[in-house]
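A.B. asks: Would you mind keeping the following structure in view while I ask a few things?
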Amino acid sequence: MAKPPIMALRDISLTFGGAPLFEGAGFSVGEGDRLCLVGRNGSGKSTLLKVAAGLIQHDAGERFVQPGKKVAYLPQDPDLSGYDTLGDYAAADVEPEERYKAEIAMEGLRLDETLDPATASGGEKRRAALARLLASEPDLMLLDEPTNHLDISAIEWLEETLRSTRVGYVLISHDRALLSKVTTETLWLDRGAVRRNDKGFAGFEDWRDKMFDEEDASLQKLDQKIKREEHWIVHGVSGRRKRNVRRVADLAALRESRQTHLHRAGTAAMALESGQTSGKLVVEAKEIGKAYDGRTLVSDFSTKIMRKDRLALVGPNGAGKTTMLKMLIGELAPDDGTIRLGSKLEVATLDQTRSLREDQTLWEALTEDKLLGVKGSNDQILVRGRPKHVVGYLKEFLFDERQARGPVSSLSGGERARLMLAKIMARESNLLVLDEPTNDLDIETLDLLQDLLGDYDGTLILVSHDRDFIDRIATSTIAMEGDGTAIEYAGGWSDYQAQKAGGKGAAASKPRKGGGGAKPAAAPAPAPKKAQGAKLSFKQTHRLEKLPEEISRLEAEIAKVEELLASPDLYAENPAKFEKATAALAERQDALAAAEEEWLELEEAREAAG
């Protein structure tokens, strides 16, 4: 006999003063179920989880919880007011003699239980909320974005905890790596309804695309049927009156069915455009150091960031990643060493706090930016140098016209992230600085952002705890250990882990090291060659696709410069121009040779992988 579910929602409907958010939605969770809840930003994932937790009353439908079973909910923004320490908050749901349960969770999350909630960071508050939930030993856990503000070590601890627990859970997260490893079934919230797949997140995208293809085929058949019936109405209304009346009524029902079909949400029309080309050298740091309150965050670190580099900063919370970031872009002076910025830099920054004024409207948040303002107009902004109406631009980022005059305070985390992206993407830039850009973004927006960053013609410096995102984007990774040590590795997160495990620190093409009093690292050993048959990484595949276009461009530029140099009078009439053209020709020929060699190596690797 099948066991009853721990919690079930049936035919849930909910409306917030407009179109229904849910209509007939439902799902159930049994003992040991490992579900992820996915859907677009604004689809109502967090609201549905709150309905499941009993925190929001639905308009219609039924919520069932098995008698004697405990359901625990992890909010995105836990309220710690009224508690003297994080430890007191974490232990609030257990008896005093069982406080050790909260202490075990806090130890695993590396949380200082003596911290004052009023001064705690977002990551520390999130850890305390996680510790409280785990200490209460519920029968069902409802986890809303548990990895936001957590560093990678805490995410990996949570990952291992979820993999080993026998407690059922429903998980909302943007972290692909986490979702793929800890879920066995998928709930997809789409246009107010919930669909269920008996595979974990790793199979979600293929399943989603299949559902969309089936939907498109069904709509196409419906459109064809309506077209045939409309033709009959015009040309074939004759014969038996009763039959004709019924057929006309059927056509009206078909039309109504087509009109009431809820269209899928589109993707944000995001775009990045680099401004003028920066100098070849973007940032050079020489033996820089920084300390706060007697604690060394960075010591004796050196690096060079060149044009088009994709640099990721990783490390535990409090290790100094944001401090390092601010030093590298010149916002903060180092205590020791020197920072040299390249020429012609145009910087666009997304900070992790999503710094927006709560009392402003979305309209005001865009038009207040002096870099985006259009002189003499309060309803247009400059989008990459071209004027565009505020509402039209907001619609490109999936905001509707009513939201344009609404307050920033009403936005969800994902909507705030999209608004900040709208602001920085309206500017031309050649140095993009992203501090925790993946927080709160849905999977589709993340995919689009990854594609844009892959095609971005400028330089990128990134702070992130999203391992999958780093793997897809970064060409080098600076690992900050929290003791002043900073070491740069070639590649993304997985490459860093492999090199670290193999003792190949500072495995970039040139030594880039740092450490609190540590001896200089030995000259880096070359990275091991890819094993025969190994598949190309995302970055290698993307690079292989782009190289032919780059080679063609370089060949065209070389031909143009050679044509200029072929003029017999050029040197006599303009020696400076001749010298400049000669240097440009040599530079492009070297670049062409390097691109062709890189393409050959990648093509050979692709063939070896079958």
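The way I read the labels, and the way they are meant: chains A, B, ... in the order of the structure tokens, residue 1 as the first residue of every chain, and ligand 1 as the first ligand shown, with later ones counted on from there.
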Excluding region 42-57 of chain A and residues on its chain fewer than 6 positions from it, collect all residues at most 7 Å away from it, counting only C-alpha atoms, and give them as a list of chain:residue names.
C.D. replies: A:Leu9, A:Leu21, A:Val71, A:Tyr73, A:Leu142, A:Asp144, A:Leu189, A:Asp190, A:Arg191
A.B. asks: Would you mind exporting the chosen residues as a PDB file, in the first residue's frame, restricted to N, CA, C and O atoms?
C.D. replies:
ATOM      1  N   LEU A   9      -0.220  19.723  -2.308  1.00  0.00           N
ATOM      2  CA  LEU A   9      -1.049  20.843  -2.741  1.00  0.00           C
ATOM      3  C   LEU A   9      -1.903  20.355  -3.900  1.00  0.00           C
ATOM      4  O   LEU A   9      -1.390  19.717  -4.827  1.00  0.00           O
ATOM      5  N   LEU A  21      -1.728  34.043 -10.467  1.00  0.00           N
ATOM      6  CA  LEU A  21      -0.352  33.564 -10.400  1.00  0.00           C
ATOM      7  C   LEU A  21      -0.324  32.050 -10.553  1.00  0.00           C
ATOM      8  O   LEU A  21       0.529  31.489 -11.246  1.00  0.00           O
ATOM      9  N   VAL A  71       7.025  20.332   8.763  1.00  0.00           N
ATOM     10  CA  VAL A  71       7.495  20.971   7.533  1.00  0.00           C
ATOM     11  C   VAL A  71       8.270  22.228   7.918  1.00  0.00           C
ATOM     12  O   VAL A  71       7.754  23.073   8.660  1.00  0.00           O
ATOM     13  N   TYR A  73      10.689  25.581   6.583  1.00  0.00           N
ATOM     14  CA  TYR A  73      10.894  26.449   5.413  1.00  0.00           C
ATOM     15  C   TYR A  73      12.114  27.337   5.624  1.00  0.00           C
ATOM     16  O   TYR A  73      12.292  27.926   6.693  1.00  0.00           O
ATOM     17  N   LEU A 142      11.740  22.791   2.878  1.00  0.00           N
ATOM     18  CA  LEU A 142      11.430  23.649   1.735  1.00  0.00           C
ATOM     19  C   LEU A 142      12.506  24.726   1.681  1.00  0.00           C
ATOM     20  O   LEU A 142      12.545  25.613   2.538  1.00  0.00           O
ATOM     21  N   ASP A 144      14.462  27.747  -0.162  1.00  0.00           N
ATOM     22  CA  ASP A 144      14.370  28.800  -1.177  1.00  0.00           C
ATOM     23  C   ASP A 144      15.725  29.477  -1.342  1.00  0.00           C
ATOM     24  O   ASP A 144      16.158  30.246  -0.484  1.00  0.00           O
ATOM     25  N   LEU A 189       7.408  24.968 -12.742  1.00  0.00           N
ATOM     26  CA  LEU A 189       6.310  25.924 -12.634  1.00  0.00           C
ATOM     27  C   LEU A 189       6.320  26.796 -13.888  1.00  0.00           C
ATOM     28  O   LEU A 189       7.243  27.583 -14.093  1.00  0.00           O
ATOM     29  N   ASP A 190       5.296  26.639 -14.710  1.00  0.00           N
ATOM     30  CA  ASP A 190       5.250  27.342 -15.990  1.00  0.00           C
ATOM     31  C   ASP A 190       3.838  27.849 -16.235  1.00  0.00           C
ATOM     32  O   ASP A 190       2.894  27.063 -16.335  1.00  0.00           O
ATOM     33  N   ARG A 191       3.686  29.178 -16.284  1.00  0.00           N
ATOM     34  CA  ARG A 191       2.404  29.819 -16.577  1.00  0.00           C
ATOM     35  C   ARG A 191       1.284  29.354 -15.650  1.00  0.00           C
ATOM     36  O   ARG A 191       0.181  29.038 -16.076  1.00  0.00           O
TER      37      ARG A 191
END
A.B. asks: Calculate how many Å separate CA of Glu103 (chain A) from CA of Leu115 (chain A), rounding to one decimal.
C.D. replies: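 Rounded to one decimal, the two atoms are 13.5 Å apart.
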A.B. asks: Enter the distance from CA of Thr277 (chain A) to CA of Gly385 (chain A), in Å, rounded to one decimal.
C.D. replies: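 The value is 15.7 Å.
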A.B. asks: When you look at Thr183 (chain A) with a cut-off of 7 Å (counting only C-alpha atoms), what residues show up, excluding the ones that are within fewer than 4 positions of it in the same chain? I need them as a count of residues only.
C.D. replies: 6
A.B. asks: Contacts of Ala120 (chain A) at 12 Å or less, counting only C-alpha atoms, minus same-chain residues fewer than 6 places along, as an mmCIF file with C-alpha atoms, in the first residue's frame?
C.D. replies:
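And here's out-v6.cif as it stands now:
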data_model
loop_
_atom_site.group_PDB
_atom_site.id
_atom_site.type_symbol
_atom_site.label_atom_id
_atom_site.label_comp_id
_atom_site.auth_asym_id
_atom_site.auth_seq_id
_atom_site.Cartn_x
_atom_site.Cartn_y
_atom_site.Cartn_z
ATOM 1 C CA PRO A 78 15.558 35.407 7.285
ATOM 2 C CA ASP A 79 14.433 37.789 10.050
ATOM 3 C CA LEU A 80 16.930 37.612 12.944
ATOM 4 C CA SER A 81 15.518 40.510 14.951
ATOM 5 C CA ASP A 84 21.278 38.409 20.728
ATOM 6 C CA THR A 85 23.538 36.091 18.696
ATOM 7 C CA LEU A 86 23.401 33.973 15.566
ATOM 8 C CA GLY A 87 23.716 30.930 17.818
ATOM 9 C CA LEU A 111 29.608 29.934 11.421
ATOM 10 C CA ASP A 112 30.652 31.925 14.490
ATOM 11 C CA GLU A 113 27.643 31.543 16.800
ATOM 12 C CA THR A 114 28.668 34.549 18.939
ATOM 13 C CA ARG A 126 21.872 32.546 5.573
ATOM 14 C CA ARG A 127 24.142 30.056 7.396
ATOM 15 C CA ALA A 128 22.324 30.687 10.672
ATOM 16 C CA HIS A 149 25.554 34.499 -0.251
ATOM 17 C CA ASN A 317 33.352 34.468 2.586
ATOM 18 C CA GLY A 318 35.553 37.080 4.255
#
A.B. asks: What lies within 9 Å of region 570-585 of chain A using only C-alpha atoms, ignoring chain neighbours under 6 positions off, as a PyMOL selection string?
C.D. replies: chain A and resi 557-558+561-562+564
A.B. asks: Go ahead and save the picked residues with N, CA and C atoms, as an mmCIF file, in the first residue's frame.
C.D. replies:
data_model
loop_
_atom_site.group_PDB
_atom_site.id
_atom_site.type_symbol
_atom_site.label_atom_id
_atom_site.label_comp_id
_atom_site.auth_asym_id
_atom_site.auth_seq_id
_atom_site.Cartn_x
_atom_site.Cartn_y
_atom_site.Cartn_z
ATOM 1 N N GLU A 557 41.941 41.967 -42.664
ATOM 2 C CA GLU A 557 42.690 43.129 -42.192
ATOM 3 C C GLU A 557 44.111 43.135 -42.753
ATOM 4 N N ILE A 558 44.727 41.956 -42.829
ATOM 5 C CA ILE A 558 46.085 41.861 -43.395
ATOM 6 C C ILE A 558 46.072 42.302 -44.859
ATOM 7 N N VAL A 561 45.835 46.090 -45.027
ATOM 8 C CA VAL A 561 47.088 46.774 -44.673
ATOM 9 C C VAL A 561 48.128 46.588 -45.769
ATOM 10 N N GLU A 562 48.205 45.382 -46.334
ATOM 11 C CA GLU A 562 49.157 45.129 -47.427
ATOM 12 C C GLU A 562 48.844 46.004 -48.636
ATOM 13 N N LEU A 564 47.501 48.942 -48.478
ATOM 14 C CA LEU A 564 47.969 50.291 -48.127
ATOM 15 C C LEU A 564 49.479 50.409 -48.301
#
A.B. asks: When distances are computed from only C-alpha atoms, which of A:Thr184, A:Ser173, A:Asn430, A:Asn439 shows the smallest separation from Thr459 (chain A)?
C.D. replies: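 Selected residue with least distance to Thr459 (chain A): A:Asn430.
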